[in-house]
Amino acid sequence: MRLRAVTPTEVVVETEVRKVVASGTAGSFCVLPRHRDLVALLAPGLLAFESPEGHETFMALDEGVLLKAGPEVWVSSWKAFVAGDLGQVREAVQRQLVDRSEREHRARQALARLEAELVRRLGELRVGSGA
């Protein structure tokens with residue numbers, strides 16, 4: 001089976017797998033090569049996939065959709081990243097959360113600067129119009 005996991009900006013995983021285990025909105029499920037085709041809504045969490053050699057890898061993802069069509073398994077999510085084996089999951093998730101927190105902090109700072117500039121310019125307009 002071929003697994004392809006994508007976000008709006010990148011292909012996160014494209015590899016051959018023996019099985020995929022995911023958490024859907026209706027509970028956890030496993031996809032094997034000879035299973036019937038299906039579509040499932042995914043809940044935020046971990047998706048596990050096993051290589052043909054038996055190595056298990058985890059991918060953290062936001063909510064999304066899983067589609068199995070013949071030998072292809074497609075996963076689409078707004079956010080996803082390969083977290084490695086179970087021992088690496090916690091570290092990878094924490095690293096992603098820190099990165100997101102830093103980006104959000106920078107965005108809040110930029111917004112505060114824009115708001116301050118807007119207030120300053122509105123004040124200049126009031127003074128200039130004699131109000």
# chains A, B, ... in the order shown; residues from 1 in each chain; ligands from 1
call {"tool": "select_by_dssp", "arguments": {"residues": "chain A", "states": "helix (DSSP H, G or I)", "output": "PyMOL selection string"}}
result
chain A and resi 86-129
call {"tool": "residues_around", "arguments": {"residues": "region 33-45 of chain A", "least_positions_apart": "6", "cutoff": "8 Å", "atoms": "only C-alpha atoms", "output": "list in words"}}
result
Met1, Arg18, Lys19, Ala22, Ser23, Gly24, Thr25, Ala60, Leu61, Asp62, Glu63, Gly64, Val65, Leu66, Leu67, Lys68, Ala69, Gly70 and Pro71 of chain A
call {"tool": "select_by_dssp", "arguments": {"residues": "chain A", "states": "strand (DSSP E or B)", "output": "compact mmCIF listing (two decimals) with N, CA, C and O atoms, in the first residue's frame"}}
result
# COMPACT_ATOMS: atom_id res chain seq x y z
N ARG A 2 0.45 2.28 -0.64
CA ARG A 2 1.21 3.54 -0.69
C ARG A 2 0.48 4.59 0.15
O ARG A 2 -0.69 4.86 -0.08
N LEU A 3 1.19 5.19 1.11
CA LEU A 3 0.63 6.24 1.97
C LEU A 3 1.16 7.59 1.50
O LEU A 3 2.37 7.76 1.32
N ARG A 4 0.23 8.52 1.30
CA ARG A 4 0.59 9.90 0.98
C ARG A 4 -0.15 10.79 1.97
O ARG A 4 -1.38 10.77 2.02
N ALA A 5 0.60 11.56 2.73
CA ALA A 5 0.00 12.50 3.69
C ALA A 5 0.39 13.90 3.25
O ALA A 5 1.57 14.18 3.03
N VAL A 6 -0.62 14.76 3.12
CA VAL A 6 -0.38 16.12 2.62
C VAL A 6 -1.06 17.16 3.51
O VAL A 6 -2.05 16.87 4.18
N VAL A 11 3.95 17.95 0.98
CA VAL A 11 3.76 16.51 1.09
C VAL A 11 4.57 16.09 2.31
O VAL A 11 5.80 16.22 2.33
N VAL A 12 3.89 15.60 3.34
CA VAL A 12 4.55 15.28 4.61
C VAL A 12 5.17 13.89 4.54
O VAL A 12 6.28 13.67 5.00
N VAL A 13 4.44 12.93 3.98
CA VAL A 13 4.90 11.55 3.88
C VAL A 13 4.47 10.99 2.54
O VAL A 13 3.34 11.21 2.10
N GLU A 14 5.36 10.25 1.91
CA GLU A 14 5.01 9.47 0.73
C GLU A 14 5.88 8.22 0.78
O GLU A 14 7.08 8.28 0.53
N THR A 15 5.25 7.09 1.15
CA THR A 15 6.02 5.87 1.37
C THR A 15 5.15 4.63 1.25
O THR A 15 3.93 4.71 1.36
N GLU A 16 5.79 3.50 1.06
CA GLU A 16 5.10 2.22 1.08
C GLU A 16 4.88 1.81 2.53
O GLU A 16 5.76 1.99 3.37
N LYS A 19 0.59 -1.19 7.00
CA LYS A 19 -0.69 -0.85 7.61
C LYS A 19 -0.65 0.58 8.12
O LYS A 19 0.42 1.16 8.32
N VAL A 20 -1.86 1.12 8.32
CA VAL A 20 -2.04 2.47 8.86
C VAL A 20 -3.05 2.38 9.98
O VAL A 20 -4.11 1.76 9.82
N VAL A 21 -2.74 2.98 11.13
CA VAL A 21 -3.67 3.03 12.27
C VAL A 21 -3.93 4.50 12.56
O VAL A 21 -2.99 5.28 12.74
N ALA A 22 -5.22 4.87 12.58
CA ALA A 22 -5.59 6.28 12.75
C ALA A 22 -6.72 6.41 13.75
O ALA A 22 -7.43 5.45 14.05
N SER A 23 -6.88 7.63 14.26
CA SER A 23 -7.99 7.95 15.16
C SER A 23 -9.00 8.78 14.39
O SER A 23 -8.73 9.93 14.05
N GLY A 24 -10.14 8.17 14.14
CA GLY A 24 -11.21 8.88 13.45
C GLY A 24 -12.14 9.52 14.45
O GLY A 24 -12.03 9.32 15.66
N GLY A 27 -13.73 6.82 16.37
CA GLY A 27 -12.86 5.90 17.08
C GLY A 27 -11.65 5.51 16.26
O GLY A 27 -11.50 5.90 15.11
N SER A 28 -10.80 4.69 16.85
CA SER A 28 -9.56 4.25 16.22
C SER A 28 -9.83 3.13 15.22
O SER A 28 -10.72 2.31 15.43
N PHE A 29 -9.05 3.08 14.14
CA PHE A 29 -9.23 2.03 13.15
C PHE A 29 -7.91 1.74 12.45
O PHE A 29 -6.98 2.54 12.49
N CYS A 30 -7.84 0.57 11.81
CA CYS A 30 -6.65 0.12 11.11
C CYS A 30 -7.00 -0.10 9.64
O CYS A 30 -8.08 -0.62 9.32
N VAL A 31 -6.09 0.29 8.75
CA VAL A 31 -6.28 0.09 7.32
C VAL A 31 -5.18 -0.86 6.84
O VAL A 31 -4.00 -0.61 7.05
N LEU A 38 -12.41 3.18 1.68
CA LEU A 38 -13.16 3.92 2.69
C LEU A 38 -12.72 5.36 2.74
O LEU A 38 -11.65 5.72 2.26
N VAL A 39 -13.58 6.18 3.34
CA VAL A 39 -13.27 7.57 3.65
C VAL A 39 -13.60 7.76 5.12
O VAL A 39 -14.65 7.32 5.58
N ALA A 40 -12.69 8.40 5.87
CA ALA A 40 -12.92 8.61 7.30
C ALA A 40 -12.45 10.01 7.70
O ALA A 40 -11.41 10.48 7.23
N LEU A 41 -13.22 10.64 8.58
CA LEU A 41 -12.80 11.90 9.17
C LEU A 41 -11.84 11.60 10.30
O LEU A 41 -12.12 10.74 11.14
N LEU A 42 -10.71 12.30 10.33
CA LEU A 42 -9.69 12.06 11.35
C LEU A 42 -9.79 13.09 12.47
O LEU A 42 -10.03 14.28 12.23
N GLY A 45 -4.57 14.12 16.53
CA GLY A 45 -3.84 13.12 17.32
C GLY A 45 -2.72 12.50 16.52
O GLY A 45 -2.12 13.14 15.67
N LEU A 46 -2.47 11.22 16.81
CA LEU A 46 -1.39 10.50 16.15
C LEU A 46 -1.93 9.51 15.14
O LEU A 46 -2.94 8.86 15.38
N LEU A 47 -1.23 9.39 14.04
CA LEU A 47 -1.48 8.37 13.03
C LEU A 47 -0.22 7.52 12.99
O LEU A 47 0.88 8.07 12.95
N ALA A 48 -0.37 6.20 13.04
CA ALA A 48 0.79 5.31 13.00
C ALA A 48 0.79 4.57 11.67
O ALA A 48 -0.27 4.20 11.16
N PHE A 49 1.97 4.39 11.12
CA PHE A 49 2.08 3.56 9.91
C PHE A 49 3.29 2.65 10.05
O PHE A 49 4.29 3.00 10.68
N GLU A 50 3.15 1.47 9.47
CA GLU A 50 4.19 0.45 9.58
C GLU A 50 4.79 0.20 8.20
O GLU A 50 4.08 -0.04 7.23
N GLU A 56 7.58 0.92 12.88
CA GLU A 56 6.42 1.78 13.11
C GLU A 56 6.86 3.23 13.26
O GLU A 56 7.79 3.54 13.99
N THR A 57 6.16 4.12 12.56
CA THR A 57 6.43 5.55 12.60
C THR A 57 5.14 6.27 12.94
O THR A 57 4.06 5.84 12.52
N PHE A 58 5.26 7.38 13.67
CA PHE A 58 4.09 8.14 14.07
C PHE A 58 4.10 9.50 13.38
O PHE A 58 5.15 10.11 13.18
N MET A 59 2.91 9.96 13.06
CA MET A 59 2.72 11.27 12.49
C MET A 59 1.67 11.99 13.32
O MET A 59 0.59 11.45 13.57
N ALA A 60 1.99 13.19 13.80
CA ALA A 60 1.02 14.00 14.54
C ALA A 60 0.27 14.83 13.51
O ALA A 60 0.87 15.35 12.56
N LEU A 61 -1.05 14.93 13.70
CA LEU A 61 -1.82 15.70 12.74
C LEU A 61 -3.02 16.36 13.38
O LEU A 61 -3.50 15.96 14.43
N GLY A 64 -8.50 15.94 9.93
CA GLY A 64 -8.31 15.77 8.50
C GLY A 64 -9.20 14.68 7.95
O GLY A 64 -10.20 14.30 8.55
N VAL A 65 -8.79 14.17 6.79
CA VAL A 65 -9.54 13.13 6.09
C VAL A 65 -8.58 12.05 5.64
O VAL A 65 -7.47 12.34 5.19
N LEU A 66 -9.00 10.79 5.77
CA LEU A 66 -8.24 9.66 5.25
C LEU A 66 -9.09 9.01 4.17
O LEU A 66 -10.28 8.77 4.36
N LEU A 67 -8.47 8.74 3.02
CA LEU A 67 -9.13 8.08 1.92
C LEU A 67 -8.30 6.86 1.53
O LEU A 67 -7.12 6.99 1.25
N LYS A 68 -8.93 5.67 1.53
CA LYS A 68 -8.28 4.47 1.00
C LYS A 68 -8.98 4.13 -0.29
O LYS A 68 -10.19 3.93 -0.33
N ALA A 69 -8.23 4.10 -1.38
CA ALA A 69 -8.76 3.76 -2.70
C ALA A 69 -7.80 2.78 -3.34
O ALA A 69 -6.70 3.16 -3.76
N GLU A 72 -3.89 2.76 -2.59
CA GLU A 72 -3.48 4.10 -2.16
C GLU A 72 -4.21 4.52 -0.89
O GLU A 72 -5.43 4.32 -0.77
N VAL A 73 -3.47 5.12 0.05
CA VAL A 73 -4.06 5.72 1.23
C VAL A 73 -3.62 7.17 1.25
O VAL A 73 -2.42 7.46 1.28
N TRP A 74 -4.60 8.06 1.18
CA TRP A 74 -4.33 9.50 1.21
C TRP A 74 -4.78 10.06 2.54
O TRP A 74 -5.87 9.74 3.01
N VAL A 75 -3.94 10.89 3.14
CA VAL A 75 -4.31 11.61 4.36
C VAL A 75 -4.12 13.09 4.06
O VAL A 75 -3.06 13.50 3.58
N SER A 76 -5.16 13.86 4.33
CA SER A 76 -5.10 15.30 4.13
C SER A 76 -5.45 15.97 5.45
O SER A 76 -6.46 15.63 6.07
N SER A 77 -4.60 16.90 5.87
CA SER A 77 -4.80 17.60 7.14
C SER A 77 -4.26 19.01 7.02
O SER A 77 -3.36 19.27 6.21
N ALA A 80 0.39 18.75 9.84
CA ALA A 80 0.88 17.40 10.12
C ALA A 80 2.40 17.41 10.06
O ALA A 80 3.00 18.18 9.33
N PHE A 81 3.01 16.53 10.87
CA PHE A 81 4.45 16.35 10.80
C PHE A 81 4.80 14.96 11.31
O PHE A 81 4.10 14.40 12.14
N VAL A 82 5.86 14.41 10.76
CA VAL A 82 6.32 13.09 11.18
C VAL A 82 7.02 13.25 12.52
O VAL A 82 7.91 14.08 12.67
N ALA A 83 6.56 12.48 13.50
CA ALA A 83 7.10 12.59 14.85
C ALA A 83 8.11 11.49 15.14
O ALA A 83 8.72 11.49 16.20
N GLY A 84 8.30 10.54 14.24
CA GLY A 84 9.27 9.46 14.44
C GLY A 84 8.67 8.30 15.20
O GLY A 84 7.47 8.04 15.13
